[in-house]
file start.csv (CSV, N, CA and C atoms)
chain,number,residue,atom,x,y,z
A,1,MET,N,-143.3,-143.9,-10.9
A,1,MET,CA,-142.2,-143.2,-10.2
A,1,MET,C,-141.6,-144.1,-9.2
A,2,ILE,N,-140.4,-143.7,-8.8
A,2,ILE,CA,-139.6,-144.5,-7.8
A,2,ILE,C,-140.4,-144.5,-6.5
A,3,TYR,N,-140.3,-145.6,-5.7
A,3,TYR,CA,-141.0,-145.6,-4.4
A,3,TYR,C,-140.5,-144.5,-3.6
A,4,GLU,N,-141.4,-143.8,-2.9
A,4,GLU,CA,-141.1,-142.5,-2.3
A,4,GLU,C,-140.0,-142.5,-1.2
A,5,PRO,N,-140.0,-143.5,-0.3
A,5,PRO,CA,-138.9,-143.5,0.7
A,5,PRO,C,-137.5,-143.7,0.0
A,6,VAL,N,-137.5,-144.5,-1.0
A,6,VAL,CA,-136.2,-144.7,-1.7
A,6,VAL,C,-135.7,-143.5,-2.4
A,7,PHE,N,-136.7,-142.8,-3.0
A,7,PHE,CA,-136.3,-141.5,-3.7
A,7,PHE,C,-135.9,-140.5,-2.6
A,8,THR,N,-136.5,-140.4,-1.5
A,8,THR,CA,-136.1,-139.5,-0.4
A,8,THR,C,-134.7,-139.8,0.1
A,9,LEU,N,-134.5,-141.0,0.4
A,9,LEU,CA,-133.1,-141.4,0.9
A,9,LEU,C,-132.1,-141.1,-0.2
A,10,LEU,N,-132.4,-141.4,-1.4
A,10,LEU,CA,-131.4,-141.1,-2.5
A,10,LEU,C,-131.1,-139.6,-2.6
A,11,LEU,N,-132.2,-138.8,-2.5
A,11,LEU,CA,-132.0,-137.4,-2.5
A,11,LEU,C,-131.2,-136.9,-1.4
A,12,ILE,N,-131.4,-137.5,-0.2
A,12,ILE,CA,-130.6,-137.1,1.0
A,12,ILE,C,-129.1,-137.4,0.8
A,13,VAL,N,-128.8,-138.6,0.3
A,13,VAL,CA,-127.4,-139.1,0.0
A,13,VAL,C,-126.8,-138.1,-1.0
A,14,VAL,N,-127.5,-137.8,-2.1
A,14,VAL,CA,-126.9,-136.9,-3.1
A,14,VAL,C,-126.6,-135.6,-2.6
A,15,LEU,N,-127.6,-135.0,-1.8
A,15,LEU,CA,-127.4,-133.6,-1.3
A,15,LEU,C,-126.2,-133.6,-0.3
A,16,LEU,N,-126.1,-134.6,0.6
A,16,LEU,CA,-125.0,-134.6,1.5
A,16,LEU,C,-123.7,-134.9,0.8
A,17,GLY,N,-123.7,-135.7,-0.2
A,17,GLY,CA,-122.5,-135.8,-1.0
A,17,GLY,C,-122.0,-134.5,-1.6
A,18,LEU,N,-123.0,-133.8,-2.2
A,18,LEU,CA,-122.6,-132.5,-2.7
A,18,LEU,C,-122.1,-131.5,-1.7
A,19,LEU,N,-122.7,-131.6,-0.5
A,19,LEU,CA,-122.3,-130.7,0.6
A,19,LEU,C,-120.8,-131.1,1.0
A,20,GLN,N,-120.5,-132.3,1.1
A,20,GLN,CA,-119.1,-132.7,1.4
A,20,GLN,C,-118.2,-132.4,0.3
A,21,LEU,N,-118.6,-132.5,-1.0
A,21,LEU,CA,-117.7,-132.1,-2.1
A,21,LEU,C,-117.5,-130.6,-2.1
A,22,ALA,N,-118.5,-129.8,-1.7
A,22,ALA,CA,-118.3,-128.4,-1.6
A,22,ALA,C,-117.3,-128.1,-0.5
A,23,CYS,N,-117.4,-128.8,0.6
A,23,CYS,CA,-116.4,-128.6,1.7
A,23,CYS,C,-115.0,-128.9,1.3
A,24,ALA,N,-114.8,-130.0,0.5
A,24,ALA,CA,-113.5,-130.4,0.1
A,24,ALA,C,-112.9,-129.3,-0.8
A,25,TYR,N,-113.7,-128.7,-1.7
A,25,TYR,CA,-113.1,-127.7,-2.6
A,25,TYR,C,-113.0,-126.4,-1.9
A,26,LEU,N,-113.8,-126.1,-0.9
A,26,LEU,CA,-113.5,-124.9,-0.1
A,26,LEU,C,-112.2,-125.0,0.7
A,27,ILE,N,-111.9,-126.2,1.2
A,27,ILE,CA,-110.6,-126.4,1.8
A,27,ILE,C,-109.5,-126.2,0.8
A,28,LEU,N,-109.6,-126.7,-0.4
A,28,LEU,CA,-108.6,-126.4,-1.4
A,28,LEU,C,-108.5,-124.9,-1.7
A,29,LEU,N,-109.6,-124.2,-1.7
A,29,LEU,CA,-109.5,-122.8,-1.9
A,29,LEU,C,-108.8,-122.1,-0.7
A,30,GLU,N,-109.0,-122.6,0.5
A,30,GLU,CA,-108.3,-122.0,1.6
A,30,GLU,C,-106.8,-122.3,1.5
A,31,ARG,N,-106.5,-123.5,1.1
A,31,ARG,CA,-105.0,-123.8,1.0
A,31,ARG,C,-104.4,-123.0,-0.1
A,32,LYS,N,-105.1,-122.8,-1.2
A,32,LYS,CA,-104.5,-121.9,-2.3
A,32,LYS,C,-104.3,-120.5,-1.8
A,33,MET,N,-105.3,-120.0,-1.1
A,33,MET,CA,-105.2,-118.6,-0.6
A,33,MET,C,-104.1,-118.5,0.5
A,34,ALA,N,-103.9,-119.5,1.3
A,34,ALA,CA,-102.9,-119.4,2.3
A,34,ALA,C,-101.5,-119.5,1.6
A,35,ALA,N,-101.4,-120.3,0.5
A,35,ALA,CA,-100.2,-120.3,-0.2
A,35,ALA,C,-99.9,-119.0,-0.9
A,36,TRP,N,-100.9,-118.3,-1.4
A,36,TRP,CA,-100.7,-117.0,-2.0
A,36,TRP,C,-100.2,-116.0,-1.0
A,37,VAL,N,-100.8,-116.0,0.2
A,37,VAL,CA,-100.4,-115.0,1.3
A,37,VAL,C,-99.0,-115.3,1.7
A,38,GLN,N,-98.6,-116.6,1.7
A,38,GLN,CA,-97.3,-116.9,2.2
A,38,GLN,C,-96.2,-116.9,1.0
A,39,ASP,N,-96.7,-116.5,-0.2
A,39,ASP,CA,-95.8,-116.4,-1.3
A,39,ASP,C,-95.1,-117.8,-1.7
A,40,ARG,N,-96.0,-118.8,-1.8
A,40,ARG,CA,-95.5,-120.1,-2.2
A,40,ARG,C,-96.5,-120.7,-3.2
A,41,LEU,N,-96.2,-121.9,-3.7
A,41,LEU,CA,-97.1,-122.5,-4.8
A,41,LEU,C,-98.4,-123.1,-4.3
A,42,GLY,N,-98.3,-123.8,-3.2
A,42,GLY,CA,-99.5,-124.4,-2.6
A,42,GLY,C,-99.8,-125.7,-3.4
A,43,PRO,N,-101.0,-126.3,-3.2
A,43,PRO,CA,-101.3,-127.6,-3.8
A,43,PRO,C,-101.4,-127.5,-5.3
A,44,ASN,N,-100.4,-128.1,-6.1
A,44,ASN,CA,-100.5,-128.0,-7.5
A,44,ASN,C,-100.0,-129.3,-8.2
A,45,ARG,N,-99.9,-130.4,-7.5
A,45,ARG,CA,-99.3,-131.6,-8.1
A,45,ARG,C,-100.3,-132.5,-8.7
A,46,VAL,N,-101.5,-132.5,-8.2
A,46,VAL,CA,-102.5,-133.5,-8.7
A,46,VAL,C,-103.5,-132.8,-9.6
A,47,GLY,N,-103.4,-133.2,-10.9
A,47,GLY,CA,-104.4,-132.6,-11.8
A,47,GLY,C,-104.0,-131.2,-12.3
A,48,PRO,N,-104.7,-130.6,-13.2
A,48,PRO,CA,-104.4,-129.3,-13.6
A,48,PRO,C,-104.6,-128.3,-12.5
A,49,LYS,N,-103.5,-127.6,-12.2
A,49,LYS,CA,-103.5,-126.6,-11.1
A,49,LYS,C,-104.0,-127.1,-9.8
A,50,GLY,N,-103.8,-128.4,-9.5
A,50,GLY,CA,-104.2,-128.9,-8.2
A,50,GLY,C,-105.7,-129.2,-8.0
A,51,LEU,N,-106.5,-129.2,-9.1
A,51,LEU,CA,-107.9,-129.4,-8.9
A,51,LEU,C,-108.3,-130.8,-8.4
A,52,PHE,N,-107.5,-131.8,-8.6
A,52,PHE,CA,-107.8,-133.1,-8.1
A,52,PHE,C,-107.2,-133.4,-6.7
A,53,GLN,N,-106.7,-132.3,-6.0
A,53,GLN,CA,-106.1,-132.5,-4.7
A,53,GLN,C,-107.1,-133.0,-3.7
A,54,PRO,N,-108.4,-132.5,-3.7
A,54,PRO,CA,-109.3,-133.1,-2.7
A,54,PRO,C,-109.6,-134.6,-2.9
A,55,VAL,N,-109.6,-135.0,-4.2
A,55,VAL,CA,-109.7,-136.5,-4.4
A,55,VAL,C,-108.5,-137.2,-3.9
A,56,ALA,N,-107.3,-136.7,-4.1
A,56,ALA,CA,-106.1,-137.4,-3.6
A,56,ALA,C,-106.1,-137.4,-2.1
A,57,ASP,N,-106.6,-136.3,-1.5
A,57,ASP,CA,-106.6,-136.2,0.0
A,57,ASP,C,-107.6,-137.3,0.5
A,58,GLY,N,-108.8,-137.4,-0.1
A,58,GLY,CA,-109.8,-138.4,0.3
A,58,GLY,C,-109.3,-139.8,0.2
A,59,LEU,N,-108.6,-140.1,-1.0
A,59,LEU,CA,-108.0,-141.4,-1.1
A,59,LEU,C,-106.9,-141.7,-0.1
A,60,LYS,N,-106.1,-140.7,0.2
A,60,LYS,CA,-105.1,-140.9,1.2
A,60,LYS,C,-105.7,-141.2,2.5
A,61,PHE,N,-106.8,-140.5,2.9
A,61,PHE,CA,-107.5,-140.7,4.1
A,61,PHE,C,-108.0,-142.1,4.2
A,62,LEU,N,-108.6,-142.6,3.1
A,62,LEU,CA,-109.2,-143.9,3.1
A,62,LEU,C,-108.2,-145.0,3.2
A,63,LEU,N,-107.0,-144.8,2.5
A,63,LEU,CA,-106.0,-145.9,2.4
A,63,LEU,C,-105.0,-145.8,3.5
A,64,LYS,N,-105.0,-144.9,4.4
A,64,LYS,CA,-104.0,-144.8,5.4
A,64,LYS,C,-104.1,-146.0,6.4
A,65,GLU,N,-103.0,-146.4,6.9
A,65,GLU,CA,-103.0,-147.5,7.8
A,65,GLU,C,-103.6,-147.0,9.1
A,66,GLN,N,-104.5,-147.8,9.7
A,66,GLN,CA,-105.2,-147.5,10.9
A,66,GLN,C,-104.4,-147.9,12.1
A,67,VAL,N,-104.0,-146.9,12.9
A,67,VAL,CA,-103.3,-147.2,14.1
A,67,VAL,C,-104.2,-147.0,15.3
A,68,VAL,N,-104.4,-148.1,16.0
A,68,VAL,CA,-105.3,-148.1,17.2
A,68,VAL,C,-104.5,-148.3,18.4
A,69,PRO,N,-104.6,-147.3,19.3
A,69,PRO,CA,-103.9,-147.4,20.6
A,69,PRO,C,-104.4,-148.7,21.4
A,70,GLY,N,-103.5,-149.3,22.1
A,70,GLY,CA,-103.9,-150.5,22.8
A,70,GLY,C,-104.8,-150.3,24.0
A,71,HIS,N,-104.9,-149.2,24.6
A,71,HIS,CA,-105.7,-149.0,25.8
A,71,HIS,C,-107.1,-148.4,25.6
A,72,VAL,N,-107.5,-148.3,24.3
A,72,VAL,CA,-108.8,-147.7,24.0
A,72,VAL,C,-109.9,-148.8,23.9
A,73,ASP,N,-111.2,-148.4,24.1
A,73,ASP,CA,-112.3,-149.2,23.8
A,73,ASP,C,-112.5,-149.2,22.3
A,74,LYS,N,-112.2,-150.3,21.6
A,74,LYS,CA,-112.2,-150.3,20.1
A,74,LYS,C,-113.5,-149.9,19.4
A,75,PRO,N,-114.7,-150.5,19.9
A,75,PRO,CA,-115.9,-150.1,19.2
A,75,PRO,C,-116.2,-148.6,19.3
A,76,ALA,N,-116.0,-148.0,20.5
A,76,ALA,CA,-116.2,-146.6,20.7
A,76,ALA,C,-115.2,-145.8,19.9
A,77,TYR,N,-114.0,-146.3,19.8
A,77,TYR,CA,-112.9,-145.6,19.0
A,77,TYR,C,-113.3,-145.4,17.6
A,78,PHE,N,-113.9,-146.5,17.0
A,78,PHE,CA,-114.3,-146.4,15.6
A,78,PHE,C,-115.6,-145.8,15.3
A,79,VAL,N,-116.5,-145.8,16.3
A,79,VAL,CA,-117.9,-145.3,16.1
A,79,VAL,C,-118.0,-143.8,16.3
A,80,ALA,N,-117.1,-143.3,17.2
A,80,ALA,CA,-117.2,-141.9,17.6
A,80,ALA,C,-117.1,-140.9,16.5
A,81,PRO,N,-116.1,-141.1,15.5
A,81,PRO,CA,-116.1,-140.1,14.4
A,81,PRO,C,-117.4,-140.2,13.5
A,82,ALA,N,-117.9,-141.4,13.4
A,82,ALA,CA,-119.2,-141.5,12.6
A,82,ALA,C,-120.3,-140.8,13.3
A,83,ILE,N,-120.4,-140.8,14.6
A,83,ILE,CA,-121.4,-140.1,15.3
A,83,ILE,C,-121.3,-138.6,15.1
A,84,ALA,N,-120.0,-138.2,15.2
A,84,ALA,CA,-119.8,-136.7,15.0
A,84,ALA,C,-120.2,-136.2,13.6
A,85,VAL,N,-119.9,-137.0,12.6
A,85,VAL,CA,-120.2,-136.6,11.2
A,85,VAL,C,-121.7,-136.6,11.0
A,86,VAL,N,-122.3,-137.7,11.5
A,86,VAL,CA,-123.8,-137.8,11.3
A,86,VAL,C,-124.5,-136.7,12.0
A,87,ALA,N,-124.1,-136.4,13.2
A,87,ALA,CA,-124.7,-135.4,14.0
A,87,ALA,C,-124.6,-134.0,13.4
A,88,THR,N,-123.5,-133.7,12.8
A,88,THR,CA,-123.3,-132.4,12.2
A,88,THR,C,-124.0,-132.3,10.8
A,89,THR,N,-124.1,-133.3,10.1
A,89,THR,CA,-124.7,-133.2,8.7
A,89,THR,C,-126.2,-133.3,8.8
A,90,LEU,N,-126.8,-133.9,9.9
A,90,LEU,CA,-128.2,-134.0,10.1
A,90,LEU,C,-128.9,-132.6,10.3
A,91,GLY,N,-128.1,-131.6,10.6
A,91,GLY,CA,-128.6,-130.3,10.8
A,91,GLY,C,-129.0,-129.6,9.5
A,92,PHE,N,-128.6,-130.2,8.3
A,92,PHE,CA,-128.9,-129.7,7.0
A,92,PHE,C,-130.1,-130.3,6.4
A,93,ALA,N,-130.6,-131.4,7.0
A,93,ALA,CA,-131.7,-132.1,6.4
A,93,ALA,C,-132.8,-132.4,7.5
A,94,VAL,N,-134.0,-132.2,7.2
A,94,VAL,CA,-135.1,-132.5,8.1
A,94,VAL,C,-136.0,-133.5,7.4
A,95,VAL,N,-136.2,-134.6,8.0
A,95,VAL,CA,-137.1,-135.7,7.4
A,95,VAL,C,-138.3,-135.9,8.3
A,96,PRO,N,-139.3,-135.2,8.2
A,96,PRO,CA,-140.5,-135.3,9.0
A,96,PRO,C,-141.3,-136.6,8.6
A,97,PHE,N,-141.9,-137.2,9.6
A,97,PHE,CA,-142.7,-138.4,9.4
A,97,PHE,C,-144.2,-138.1,9.5
A,98,ALA,N,-144.6,-136.9,9.7
A,98,ALA,CA,-146.0,-136.5,9.8
A,98,ALA,C,-146.5,-136.0,8.5
A,99,PRO,N,-147.8,-135.8,8.4
A,99,PRO,CA,-148.4,-135.3,7.1
A,99,PRO,C,-147.9,-133.8,7.0
A,100,VAL,N,-147.7,-133.4,5.7
A,100,VAL,CA,-147.2,-132.1,5.5
A,100,VAL,C,-148.4,-131.1,5.5
A,101,ALA,N,-149.5,-131.5,5.0
A,101,ALA,CA,-150.7,-130.7,4.9
A,101,ALA,C,-151.9,-131.5,5.4
A,102,PRO,N,-152.9,-130.9,5.9
A,102,PRO,CA,-154.1,-131.6,6.3
A,102,PRO,C,-154.7,-132.4,5.1
A,103,GLY,N,-155.0,-133.7,5.4
A,103,GLY,CA,-155.6,-134.5,4.3
A,103,GLY,C,-154.6,-135.2,3.4
A,104,GLU,N,-153.3,-134.9,3.6
A,104,GLU,CA,-152.3,-135.6,2.8
A,104,GLU,C,-151.9,-136.8,3.5
A,105,GLU,N,-151.6,-137.9,2.7
A,105,GLU,CA,-151.2,-139.2,3.3
A,105,GLU,C,-149.9,-139.1,4.0
A,106,ARG,N,-149.7,-139.9,5.0
A,106,ARG,CA,-148.4,-139.9,5.7
A,106,ARG,C,-147.3,-140.5,4.8
A,107,GLY,N,-146.1,-140.1,5.0
A,107,GLY,CA,-145.0,-140.6,4.3
A,107,GLY,C,-143.8,-139.7,4.5
A,108,LEU,N,-142.6,-140.2,4.0
A,108,LEU,CA,-141.4,-139.4,4.2
A,108,LEU,C,-141.5,-138.2,3.3
A,109,ARG,N,-141.1,-137.1,3.8
A,109,ARG,CA,-141.0,-135.8,3.0
A,109,ARG,C,-139.6,-135.2,3.2
A,110,PHE,N,-139.0,-134.8,2.2
A,110,PHE,CA,-137.7,-134.2,2.3
A,110,PHE,C,-137.8,-132.7,2.1
A,111,ILE,N,-137.3,-132.0,3.1
A,111,ILE,CA,-137.2,-130.5,3.0
A,111,ILE,C,-135.8,-130.1,3.5
A,112,ILE,N,-135.3,-129.0,2.9
A,112,ILE,CA,-134.1,-128.5,3.4
A,112,ILE,C,-134.3,-127.6,4.5
A,113,ALA,N,-133.6,-127.7,5.6
A,113,ALA,CA,-133.8,-126.9,6.8
A,113,ALA,C,-133.3,-125.5,6.4
A,114,PRO,N,-134.1,-124.5,6.6
A,114,PRO,CA,-133.6,-123.1,6.3
A,114,PRO,C,-132.5,-122.7,7.3
A,115,ILE,N,-131.4,-122.3,6.8
A,115,ILE,CA,-130.2,-122.0,7.6
A,115,ILE,C,-130.4,-120.7,8.3
A,116,TRP,N,-131.3,-119.8,7.8
A,116,TRP,CA,-131.5,-118.5,8.4
A,116,TRP,C,-132.4,-118.5,9.6
A,117,ILE,N,-133.0,-119.7,9.9
A,117,ILE,CA,-133.9,-119.7,11.1
A,117,ILE,C,-133.1,-120.2,12.3
call {"tool": "encode", "arguments": {"input": "start.csv", "output": "structure tokens"}}
result
Amino acid sequence: MIYEPVFTLLLIVVLLGLLQLACAYLILLERKMAAWVQDRLGPNRVGPKGLFQPVADGLKFLLKEQVVPGHVDKPAYFVAPAIAVVATTLGFAVVPFAPVAPGEERGLRFIIAPIWI
């Protein structure tokens, strides 16, 4: 089997990717519902019935020209959004470094943090 820490990190990346994909499509649902309430078409240009709109929005976000104000601290300006995203997504994953049960060897264990607690 795959080396355990590598498997754990891969699982974390996959689950966080699925979480972000779900957020993108929930935003699309919100935009479609807002369009229905306002009696307009809404996002419908990219793909069948606008289903690829989250992909187009993501590409637009990545390919936009970066405008940096002249008076800002550039490292902090670029790192601050990453800190915010990492801090909010870490609430969904707990990675303990202690043994899970008595007698079990130490190592990374991945568990989903229960949202109801």
call {"tool": "atom_distance", "arguments": {"input": "start.csv", "atom1": "atom C of Phe78 in chain A", "atom2": "atom N of Gly91 in chain A"}}
result
19.5 Å
call {"tool": "residues_around", "arguments": {"input": "start.csv", "residues": "range 54-67 of chain A", "least_positions_apart": "6", "cutoff": "7 Å", "atoms": "only N, CA and C atoms", "output": "ChimeraX atom specification"}}
result
/A:24-25,28
call {"tool": "atom_distance", "arguments": {"input": "start.csv", "atom1": "CA of Leu19 in chain A", "atom2": "CA of Val85 in chain A"}}
result
12.3 Å
call {"tool": "atom_distance", "arguments": {"input": "start.csv", "atom1": "CA of Thr89 in chain A", "atom2": "CA of Gln20 in chain A"}}
result
9.2 Å
call {"tool": "select_by_dssp", "arguments": {"input": "start.csv", "residues": "range 9-93 of chain A", "states": "helix (DSSP H, G or I)", "output": "CSV table (one decimal) with N, CA and C atoms, in the frame of the given file"}}
result
chain,number,residue,atom,x,y,z
A,9,LEU,N,-134.5,-141.0,0.4
A,9,LEU,CA,-133.1,-141.4,0.9
A,9,LEU,C,-132.1,-141.1,-0.2
A,10,LEU,N,-132.4,-141.4,-1.4
A,10,LEU,CA,-131.4,-141.1,-2.5
A,10,LEU,C,-131.1,-139.6,-2.6
A,11,LEU,N,-132.2,-138.8,-2.5
A,11,LEU,CA,-132.0,-137.4,-2.5
A,11,LEU,C,-131.2,-136.9,-1.4
A,12,ILE,N,-131.4,-137.5,-0.2
A,12,ILE,CA,-130.6,-137.1,1.0
A,12,ILE,C,-129.1,-137.4,0.8
A,13,VAL,N,-128.8,-138.6,0.3
A,13,VAL,CA,-127.4,-139.1,0.0
A,13,VAL,C,-126.8,-138.1,-1.0
A,14,VAL,N,-127.5,-137.8,-2.1
A,14,VAL,CA,-126.9,-136.9,-3.1
A,14,VAL,C,-126.6,-135.6,-2.6
A,15,LEU,N,-127.6,-135.0,-1.8
A,15,LEU,CA,-127.4,-133.6,-1.3
A,15,LEU,C,-126.2,-133.6,-0.3
A,16,LEU,N,-126.1,-134.6,0.6
A,16,LEU,CA,-125.0,-134.6,1.5
A,16,LEU,C,-123.7,-134.9,0.8
A,17,GLY,N,-123.7,-135.7,-0.2
A,17,GLY,CA,-122.5,-135.8,-1.0
A,17,GLY,C,-122.0,-134.5,-1.6
A,18,LEU,N,-123.0,-133.8,-2.2
A,18,LEU,CA,-122.6,-132.5,-2.7
A,18,LEU,C,-122.1,-131.5,-1.7
A,19,LEU,N,-122.7,-131.6,-0.5
A,19,LEU,CA,-122.3,-130.7,0.6
A,19,LEU,C,-120.8,-131.1,1.0
A,20,GLN,N,-120.5,-132.3,1.1
A,20,GLN,CA,-119.1,-132.7,1.4
A,20,GLN,C,-118.2,-132.4,0.3
A,21,LEU,N,-118.6,-132.5,-1.0
A,21,LEU,CA,-117.7,-132.1,-2.1
A,21,LEU,C,-117.5,-130.6,-2.1
A,22,ALA,N,-118.5,-129.8,-1.7
A,22,ALA,CA,-118.3,-128.4,-1.6
A,22,ALA,C,-117.3,-128.1,-0.5
A,23,CYS,N,-117.4,-128.8,0.6
A,23,CYS,CA,-116.4,-128.6,1.7
A,23,CYS,C,-115.0,-128.9,1.3
A,24,ALA,N,-114.8,-130.0,0.5
A,24,ALA,CA,-113.5,-130.4,0.1
A,24,ALA,C,-112.9,-129.3,-0.8
A,25,TYR,N,-113.7,-128.7,-1.7
A,25,TYR,CA,-113.1,-127.7,-2.6
A,25,TYR,C,-113.0,-126.4,-1.9
A,26,LEU,N,-113.8,-126.1,-0.9
A,26,LEU,CA,-113.5,-124.9,-0.1
A,26,LEU,C,-112.2,-125.0,0.7
A,27,ILE,N,-111.9,-126.2,1.2
A,27,ILE,CA,-110.6,-126.4,1.8
A,27,ILE,C,-109.5,-126.2,0.8
A,28,LEU,N,-109.6,-126.7,-0.4
A,28,LEU,CA,-108.6,-126.4,-1.4
A,28,LEU,C,-108.5,-124.9,-1.7
A,29,LEU,N,-109.6,-124.2,-1.7
A,29,LEU,CA,-109.5,-122.8,-1.9
A,29,LEU,C,-108.8,-122.1,-0.7
A,30,GLU,N,-109.0,-122.6,0.5
A,30,GLU,CA,-108.3,-122.0,1.6
A,30,GLU,C,-106.8,-122.3,1.5
A,31,ARG,N,-106.5,-123.5,1.1
A,31,ARG,CA,-105.0,-123.8,1.0
A,31,ARG,C,-104.4,-123.0,-0.1
A,32,LYS,N,-105.1,-122.8,-1.2
A,32,LYS,CA,-104.5,-121.9,-2.3
A,32,LYS,C,-104.3,-120.5,-1.8
A,33,MET,N,-105.3,-120.0,-1.1
A,33,MET,CA,-105.2,-118.6,-0.6
A,33,MET,C,-104.1,-118.5,0.5
A,34,ALA,N,-103.9,-119.5,1.3
A,34,ALA,CA,-102.9,-119.4,2.3
A,34,ALA,C,-101.5,-119.5,1.6
A,35,ALA,N,-101.4,-120.3,0.5
A,35,ALA,CA,-100.2,-120.3,-0.2
A,35,ALA,C,-99.9,-119.0,-0.9
A,36,TRP,N,-100.9,-118.3,-1.4
A,36,TRP,CA,-100.7,-117.0,-2.0
A,36,TRP,C,-100.2,-116.0,-1.0
A,37,VAL,N,-100.8,-116.0,0.2
A,37,VAL,CA,-100.4,-115.0,1.3
A,37,VAL,C,-99.0,-115.3,1.7
A,48,PRO,N,-104.7,-130.6,-13.2
A,48,PRO,CA,-104.4,-129.3,-13.6
A,48,PRO,C,-104.6,-128.3,-12.5
A,49,LYS,N,-103.5,-127.6,-12.2
A,49,LYS,CA,-103.5,-126.6,-11.1
A,49,LYS,C,-104.0,-127.1,-9.8
A,50,GLY,N,-103.8,-128.4,-9.5
A,50,GLY,CA,-104.2,-128.9,-8.2
A,50,GLY,C,-105.7,-129.2,-8.0
A,53,GLN,N,-106.7,-132.3,-6.0
A,53,GLN,CA,-106.1,-132.5,-4.7
A,53,GLN,C,-107.1,-133.0,-3.7
A,54,PRO,N,-108.4,-132.5,-3.7
A,54,PRO,CA,-109.3,-133.1,-2.7
A,54,PRO,C,-109.6,-134.6,-2.9
A,55,VAL,N,-109.6,-135.0,-4.2
A,55,VAL,CA,-109.7,-136.5,-4.4
A,55,VAL,C,-108.5,-137.2,-3.9
A,56,ALA,N,-107.3,-136.7,-4.1
A,56,ALA,CA,-106.1,-137.4,-3.6
A,56,ALA,C,-106.1,-137.4,-2.1
A,57,ASP,N,-106.6,-136.3,-1.5
A,57,ASP,CA,-106.6,-136.2,0.0
A,57,ASP,C,-107.6,-137.3,0.5
A,58,GLY,N,-108.8,-137.4,-0.1
A,58,GLY,CA,-109.8,-138.4,0.3
A,58,GLY,C,-109.3,-139.8,0.2
A,59,LEU,N,-108.6,-140.1,-1.0
A,59,LEU,CA,-108.0,-141.4,-1.1
A,59,LEU,C,-106.9,-141.7,-0.1
A,60,LYS,N,-106.1,-140.7,0.2
A,60,LYS,CA,-105.1,-140.9,1.2
A,60,LYS,C,-105.7,-141.2,2.5
A,61,PHE,N,-106.8,-140.5,2.9
A,61,PHE,CA,-107.5,-140.7,4.1
A,61,PHE,C,-108.0,-142.1,4.2
A,62,LEU,N,-108.6,-142.6,3.1
A,62,LEU,CA,-109.2,-143.9,3.1
A,62,LEU,C,-108.2,-145.0,3.2
A,63,LEU,N,-107.0,-144.8,2.5
A,63,LEU,CA,-106.0,-145.9,2.4
A,63,LEU,C,-105.0,-145.8,3.5
A,74,LYS,N,-112.2,-150.3,21.6
A,74,LYS,CA,-112.2,-150.3,20.1
A,74,LYS,C,-113.5,-149.9,19.4
A,75,PRO,N,-114.7,-150.5,19.9
A,75,PRO,CA,-115.9,-150.1,19.2
A,75,PRO,C,-116.2,-148.6,19.3
A,76,ALA,N,-116.0,-148.0,20.5
A,76,ALA,CA,-116.2,-146.6,20.7
A,76,ALA,C,-115.2,-145.8,19.9
A,77,TYR,N,-114.0,-146.3,19.8
A,77,TYR,CA,-112.9,-145.6,19.0
A,77,TYR,C,-113.3,-145.4,17.6
A,78,PHE,N,-113.9,-146.5,17.0
A,78,PHE,CA,-114.3,-146.4,15.6
A,78,PHE,C,-115.6,-145.8,15.3
A,79,VAL,N,-116.5,-145.8,16.3
A,79,VAL,CA,-117.9,-145.3,16.1
A,79,VAL,C,-118.0,-143.8,16.3
A,80,ALA,N,-117.1,-143.3,17.2
A,80,ALA,CA,-117.2,-141.9,17.6
A,80,ALA,C,-117.1,-140.9,16.5
A,81,PRO,N,-116.1,-141.1,15.5
A,81,PRO,CA,-116.1,-140.1,14.4
A,81,PRO,C,-117.4,-140.2,13.5
A,82,ALA,N,-117.9,-141.4,13.4
A,82,ALA,CA,-119.2,-141.5,12.6
A,82,ALA,C,-120.3,-140.8,13.3
A,83,ILE,N,-120.4,-140.8,14.6
A,83,ILE,CA,-121.4,-140.1,15.3
A,83,ILE,C,-121.3,-138.6,15.1
A,84,ALA,N,-120.0,-138.2,15.2
A,84,ALA,CA,-119.8,-136.7,15.0
A,84,ALA,C,-120.2,-136.2,13.6
A,85,VAL,N,-119.9,-137.0,12.6
A,85,VAL,CA,-120.2,-136.6,11.2
A,85,VAL,C,-121.7,-136.6,11.0
A,86,VAL,N,-122.3,-137.7,11.5
A,86,VAL,CA,-123.8,-137.8,11.3
A,86,VAL,C,-124.5,-136.7,12.0
A,87,ALA,N,-124.1,-136.4,13.2
A,87,ALA,CA,-124.7,-135.4,14.0
A,87,ALA,C,-124.6,-134.0,13.4
A,88,THR,N,-123.5,-133.7,12.8
A,88,THR,CA,-123.3,-132.4,12.2
A,88,THR,C,-124.0,-132.3,10.8
A,89,THR,N,-124.1,-133.3,10.1
A,89,THR,CA,-124.7,-133.2,8.7
A,89,THR,C,-126.2,-133.3,8.8
A,90,LEU,N,-126.8,-133.9,9.9
A,90,LEU,CA,-128.2,-134.0,10.1
A,90,LEU,C,-128.9,-132.6,10.3
A,91,GLY,N,-128.1,-131.6,10.6
A,91,GLY,CA,-128.6,-130.3,10.8
A,91,GLY,C,-129.0,-129.6,9.5
A,92,PHE,N,-128.6,-130.2,8.3
A,92,PHE,CA,-128.9,-129.7,7.0
A,92,PHE,C,-130.1,-130.3,6.4
call {"tool": "residues_around", "arguments": {"input": "start.csv", "residues": "range 42-53 of chain A", "least_positions_apart": "6", "cutoff": "6.5 Å", "atoms": "only N, CA and C atoms", "output": "compact mmCIF listing (two decimals) with N, CA and C atoms, in the coordinates of the input"}}
result
# COMPACT_ATOMS: atom_id res chain seq x y z
N ARG A 31 -106.50 -123.50 1.10
CA ARG A 31 -105.00 -123.80 1.00
C ARG A 31 -104.40 -123.00 -0.10
N LYS A 32 -105.10 -122.80 -1.20
CA LYS A 32 -104.50 -121.90 -2.30
C LYS A 32 -104.30 -120.50 -1.80
N ALA A 35 -101.40 -120.30 0.50
CA ALA A 35 -100.20 -120.30 -0.20
C ALA A 35 -99.90 -119.00 -0.90
N TRP A 36 -100.90 -118.30 -1.40
CA TRP A 36 -100.70 -117.00 -2.00
C TRP A 36 -100.20 -116.00 -1.00
